[in-house]
Amino acid sequence: MNGWSAHDIPDQSGRVAVVTGANSGIGFVTARELARRGARVVLACRDETRGRAAEELMRAQVPGADVNLVRLDLADLASVRAFAADLKEDRVDLLVNNAGVMALPQRRTVDGFEMQLGTNHLGHFALTGLLLPRLREAGPGARVVTVSSGLHFLGTPDPRDLQMDHRYRRWLAYGRSKSANLLFVHELARRLAAEGSAVVAAAAHPGYAATNLQTAGPRMEERAWRERGAELLNRFVAQSAEEGALPSLYAATAPGVRPDDFFGPRVQLWRGAPTRSLRARWTVDDRASAGLWAVSERLTGVSFP
C-alpha cells in the first residue's frame with residue numbers, strides 16, 4: 001500500500017462500473033481513472049448539463065474512454081428507481097457510492113428526508129439495493145465502495161431524531177450522514193458474508209480534498225465571505241481531487257481489500273497515499289447497523305433481495 005497511486009490500478013477491461021457524482025471532484029477522477037484502465041463506466045449525475053460536460057472532458061483526457069452519462073438524483077427516490085430500471089447493463093462489477101452534499105442549510109429531499117442523510121445515505125442505500133442483483137451477477141471481484149468522511153467522528157445517527165427535526169446543526173448532520181455510510185457498509189458486509197456472497201462492501205474517505213463540496217453550502221446561503229474562505233482553504237490547505245480519489249480507487253480495485261475495510265489518506269486522516277483508516281467504534285456496532293438498516297428499508301421502500 002506504500003506510495004500506491006493511480007498508476008497501480010489493475011487492468012479493468014471487461015468490467016462495468018457505476019460512479020455516482022462523477023461530474024466533478026473525486027467522483028470525476030475516480031470515473032476517469034477506471035475508464036483509463038479499461039472499465040466501461042456509467043456516470044451517474046444529477047445535473048445533465050454538467051454531466052455531459054464532464055463526459056466530454058473525460059473523453060478528451062482519455063481518448064477511447066468507454067463512458068456513458070445516465071441521470072441520477074439521489075435526493076429523489078423516484079429518480080433512483082428510474083436509474084436502476086433504465087440501466088442497460090446486465091451486470092455491474094463495481095458500484096462507487098461517491099456523490100454527496102456537505103454542511104448545507106436545512107433542506108429536505110423530494111421525499112421529505114433531511115437533505116444530507118437523504119442524499120448521502122438513503123439515496124445510496126436504495127441504489128445499492130436495487131443494483132445488488134447485478135452485482136451478484138458479476139461474480140467474484142464485484143465490489144460496492146461507499147465514500148464516507150473523516151468527519152464521521154462528529155456524530156452517529158440518533159434513532160430518536162434521525163431527521164434532526166428538533167435541532168438542526170449542519171456539521172453534525174453531515175457527520176451523522178457519514179457515520180450512516182459506514183454503518184451501512186458494516187451491515188451490508190455482514191449480510192453478504194452470511195449468504196456466502198463474493199461481493200465485497202468497503203468504504204473510503206478522501207481526507208481534506210479540494211472539491212465543490214466546501215463551497216456549496218455558503219453559496220446556497222449567499223454568504224460570499226464563507227464561500228471565499230472555503231475557496232482559500234481549498235487552494236492552500238487541501239490536497240487535490242486527484243489525490244483525494246486514491247482511497248476510493250484503492251478500495252475499488254486493489255487486491256486484498258476485505259469486507260468492511262475503510263481506507264483513507266495516510267497522514268492524519270488528511271492527505272497522502274491510501275491506507276486503512278481509523279474509524280469510530282460506533283460504526284462497527286452490529287446493533288446500531290442493524291437498526292439503521294431496518295429504518296432505511298422502511299423509509300426508502302427498498303428491501304435487499
# chains A, B, ... in the order shown; residues from 1 in each chain; ligands from 1
call {"tool": "residues_around", "arguments": {"residues": "range 33-49 of chain A", "least_positions_apart": "2", "cutoff": "6 Å", "atoms": "only C-alpha atoms", "output": "PyMOL selection string"}}
result
chain A and resi 11-13+15-22+30-31+51-52+65-73
call {"tool": "residues_around", "arguments": {"residues": "Asp286 in chain A", "least_positions_apart": "4", "cutoff": "9 Å", "atoms": "only C-alpha atoms", "output": "list in words"}}
result
Leu183, His186, Glu187, Arg190, Trp282, Ala290 and Gly291 of chain A
call {"tool": "write_last_selection", "arguments": {"atoms": "N, CA and C atoms", "output": "CSV table (one decimal), in the first residue's frame"}}
result
chain,number,residue,atom,x,y,z
A,183,LEU,N,-22.0,2.6,8.8
A,183,LEU,CA,-22.9,1.6,9.4
A,183,LEU,C,-23.5,0.8,8.3
A,186,HIS,N,-20.9,-1.7,7.1
A,186,HIS,CA,-20.7,-2.7,8.1
A,186,HIS,C,-21.8,-3.7,8.0
A,187,GLU,N,-23.1,-3.3,7.9
A,187,GLU,CA,-24.2,-4.2,7.9
A,187,GLU,C,-24.3,-4.9,6.5
A,190,ARG,N,-21.8,-7.7,6.6
A,190,ARG,CA,-22.2,-8.8,7.4
A,190,ARG,C,-23.3,-9.7,6.7
A,282,TRP,N,-18.5,3.3,17.1
A,282,TRP,CA,-20.0,3.2,16.8
A,282,TRP,C,-20.3,2.7,15.4
A,290,ALA,N,-27.8,-2.8,12.3
A,290,ALA,CA,-29.0,-3.5,12.0
A,290,ALA,C,-30.2,-2.5,12.2
A,291,GLY,N,-30.2,-1.7,13.2
A,291,GLY,CA,-31.3,-0.8,13.4
A,291,GLY,C,-31.4,0.3,12.3
call {"tool": "residues_around", "arguments": {"residues": "Ala280 in chain A", "least_positions_apart": "3", "cutoff": "8 Å", "atoms": "only C-alpha atoms", "output": "list of chain:residue names"}}
result
A:His152, A:Phe153, A:Thr283, A:Val284
call {"tool": "select_by_dssp", "arguments": {"residues": "range 59-208 of chain A", "states": "strand (DSSP E)", "output": "PyMOL selection string"}}
result
chain A and resi 67-71+94-97+143-147+200-204
call {"tool": "select_by_dssp", "arguments": {"residues": "range 58-268 of chain A", "states": "helix (DSSP H, G or I)", "output": "PyMOL selection string"}}
result
chain A and resi 58-61+77-86+115-138+150-154+170-194+213-220+224-236+241-244+246-253
call {"tool": "write_last_selection", "arguments": {"atoms": "C-alpha atoms", "output": "compact mmCIF listing (two decimals), in the first residue's frame"}}
result
# COMPACT_ATOMS: atom_id res chain seq x y z
CA MET A 58 -13.23 12.66 -19.79
CA ARG A 59 -13.18 11.55 -23.41
CA ALA A 60 -10.69 14.32 -24.20
CA GLN A 61 -8.41 13.30 -21.35
CA LEU A 77 -36.17 8.05 -4.77
CA ALA A 78 -38.21 8.03 -7.98
CA SER A 79 -35.04 9.05 -9.83
CA VAL A 80 -33.07 6.28 -8.09
CA ARG A 81 -35.65 3.70 -9.14
CA ALA A 82 -35.74 5.04 -12.70
CA PHE A 83 -31.94 4.91 -12.92
CA ALA A 84 -31.88 1.26 -11.83
CA ALA A 85 -34.75 0.33 -14.16
CA ASP A 86 -33.22 2.09 -17.18
CA MET A 115 -31.08 16.52 2.77
CA GLN A 116 -27.69 15.28 3.97
CA LEU A 117 -29.00 11.99 5.36
CA GLY A 118 -31.30 11.57 2.37
CA THR A 119 -28.63 12.19 -0.26
CA ASN A 120 -25.53 10.77 1.38
CA HIS A 121 -27.07 7.67 2.92
CA LEU A 122 -30.67 6.86 1.98
CA GLY A 123 -30.25 7.50 -1.76
CA HIS A 124 -27.18 5.28 -1.90
CA PHE A 125 -28.84 2.66 0.30
CA ALA A 126 -31.72 2.42 -2.17
CA LEU A 127 -29.42 2.44 -5.20
CA THR A 128 -27.27 -0.37 -3.82
CA GLY A 129 -30.30 -2.49 -3.01
CA LEU A 130 -31.72 -2.03 -6.49
CA LEU A 131 -28.40 -2.85 -8.19
CA LEU A 132 -27.41 -5.74 -5.90
CA PRO A 133 -28.77 -8.47 -8.20
CA ARG A 134 -26.49 -7.14 -10.97
CA LEU A 135 -23.53 -7.02 -8.61
CA ARG A 136 -24.18 -10.64 -7.69
CA GLU A 137 -24.41 -11.44 -11.40
CA ALA A 138 -20.86 -10.11 -11.85
CA GLY A 150 -13.08 11.54 8.41
CA LEU A 151 -15.72 13.88 9.83
CA HIS A 152 -17.93 10.89 10.63
CA PHE A 153 -16.33 11.26 14.09
CA LEU A 154 -18.65 14.28 14.62
CA ARG A 170 -25.34 21.41 9.62
CA TRP A 171 -21.96 19.92 10.57
CA LEU A 172 -23.48 17.42 12.98
CA ALA A 173 -25.95 16.40 10.27
CA TYR A 174 -23.05 15.87 7.90
CA GLY A 175 -21.09 13.79 10.40
CA ARG A 176 -24.12 11.66 11.16
CA SER A 177 -24.75 11.01 7.46
CA LYS A 178 -21.13 9.93 7.03
CA SER A 179 -21.38 7.60 10.05
CA ALA A 180 -24.54 6.24 8.41
CA ASN A 181 -22.41 5.42 5.34
CA LEU A 182 -20.05 3.35 7.50
CA LEU A 183 -22.87 1.64 9.40
CA PHE A 184 -24.41 0.74 6.04
CA VAL A 185 -21.14 -0.78 4.79
CA HIS A 186 -20.72 -2.70 8.05
CA GLU A 187 -24.20 -4.20 7.87
CA LEU A 188 -24.01 -4.89 4.12
CA ALA A 189 -20.70 -6.70 4.61
CA ARG A 190 -22.24 -8.79 7.40
CA ARG A 191 -25.25 -9.73 5.30
CA LEU A 192 -23.21 -10.59 2.22
CA ALA A 193 -20.93 -12.79 4.30
CA ALA A 194 -23.92 -14.55 5.87
CA LEU A 213 -18.50 20.38 -1.54
CA GLN A 214 -16.90 23.04 0.64
CA THR A 215 -18.43 25.97 -1.24
CA ALA A 216 -21.92 24.61 -1.94
CA GLY A 217 -23.43 25.47 1.46
CA PRO A 218 -22.15 29.06 1.63
CA ARG A 219 -23.26 29.62 -1.97
CA MET A 220 -26.79 28.41 -1.17
CA ALA A 224 -19.77 35.33 -0.01
CA TRP A 225 -17.24 35.61 2.82
CA ARG A 226 -17.71 31.97 3.82
CA GLU A 227 -17.54 30.85 0.22
CA ARG A 228 -14.33 32.82 -0.30
CA GLY A 229 -12.86 31.34 2.88
CA ALA A 230 -13.63 27.82 1.67
CA GLU A 231 -12.01 28.59 -1.68
CA LEU A 232 -8.84 29.82 0.03
CA LEU A 233 -8.65 26.73 2.23
CA ASN A 234 -9.11 24.54 -0.84
CA ARG A 235 -6.30 26.35 -2.61
CA PHE A 236 -3.73 26.46 0.15
CA ALA A 241 -9.12 15.88 -6.03
CA GLU A 242 -6.61 13.65 -7.86
CA GLU A 243 -5.08 12.68 -4.52
CA GLY A 244 -8.42 12.59 -2.72
CA LEU A 246 -6.94 7.49 -4.37
CA PRO A 247 -8.59 5.83 -1.32
CA SER A 248 -11.77 5.24 -3.36
CA LEU A 249 -9.77 3.83 -6.25
CA TYR A 250 -7.78 1.62 -3.90
CA ALA A 251 -10.94 0.24 -2.27
CA ALA A 252 -12.44 -0.33 -5.71
CA THR A 253 -9.54 -2.05 -7.45
call {"tool": "closest_residue", "arguments": {"among": "A:Ala201, A:Asp111, A:Ser240, A:Leu162", "to": "Gly301 in chain A", "atoms": "only C-alpha atoms"}}
result
A:Asp111
call {"tool": "atom_distance", "arguments": {"atom1": "CA of Ala203 in chain A", "atom2": "CA of Ser303 in chain A"}}
result
21.1 Å
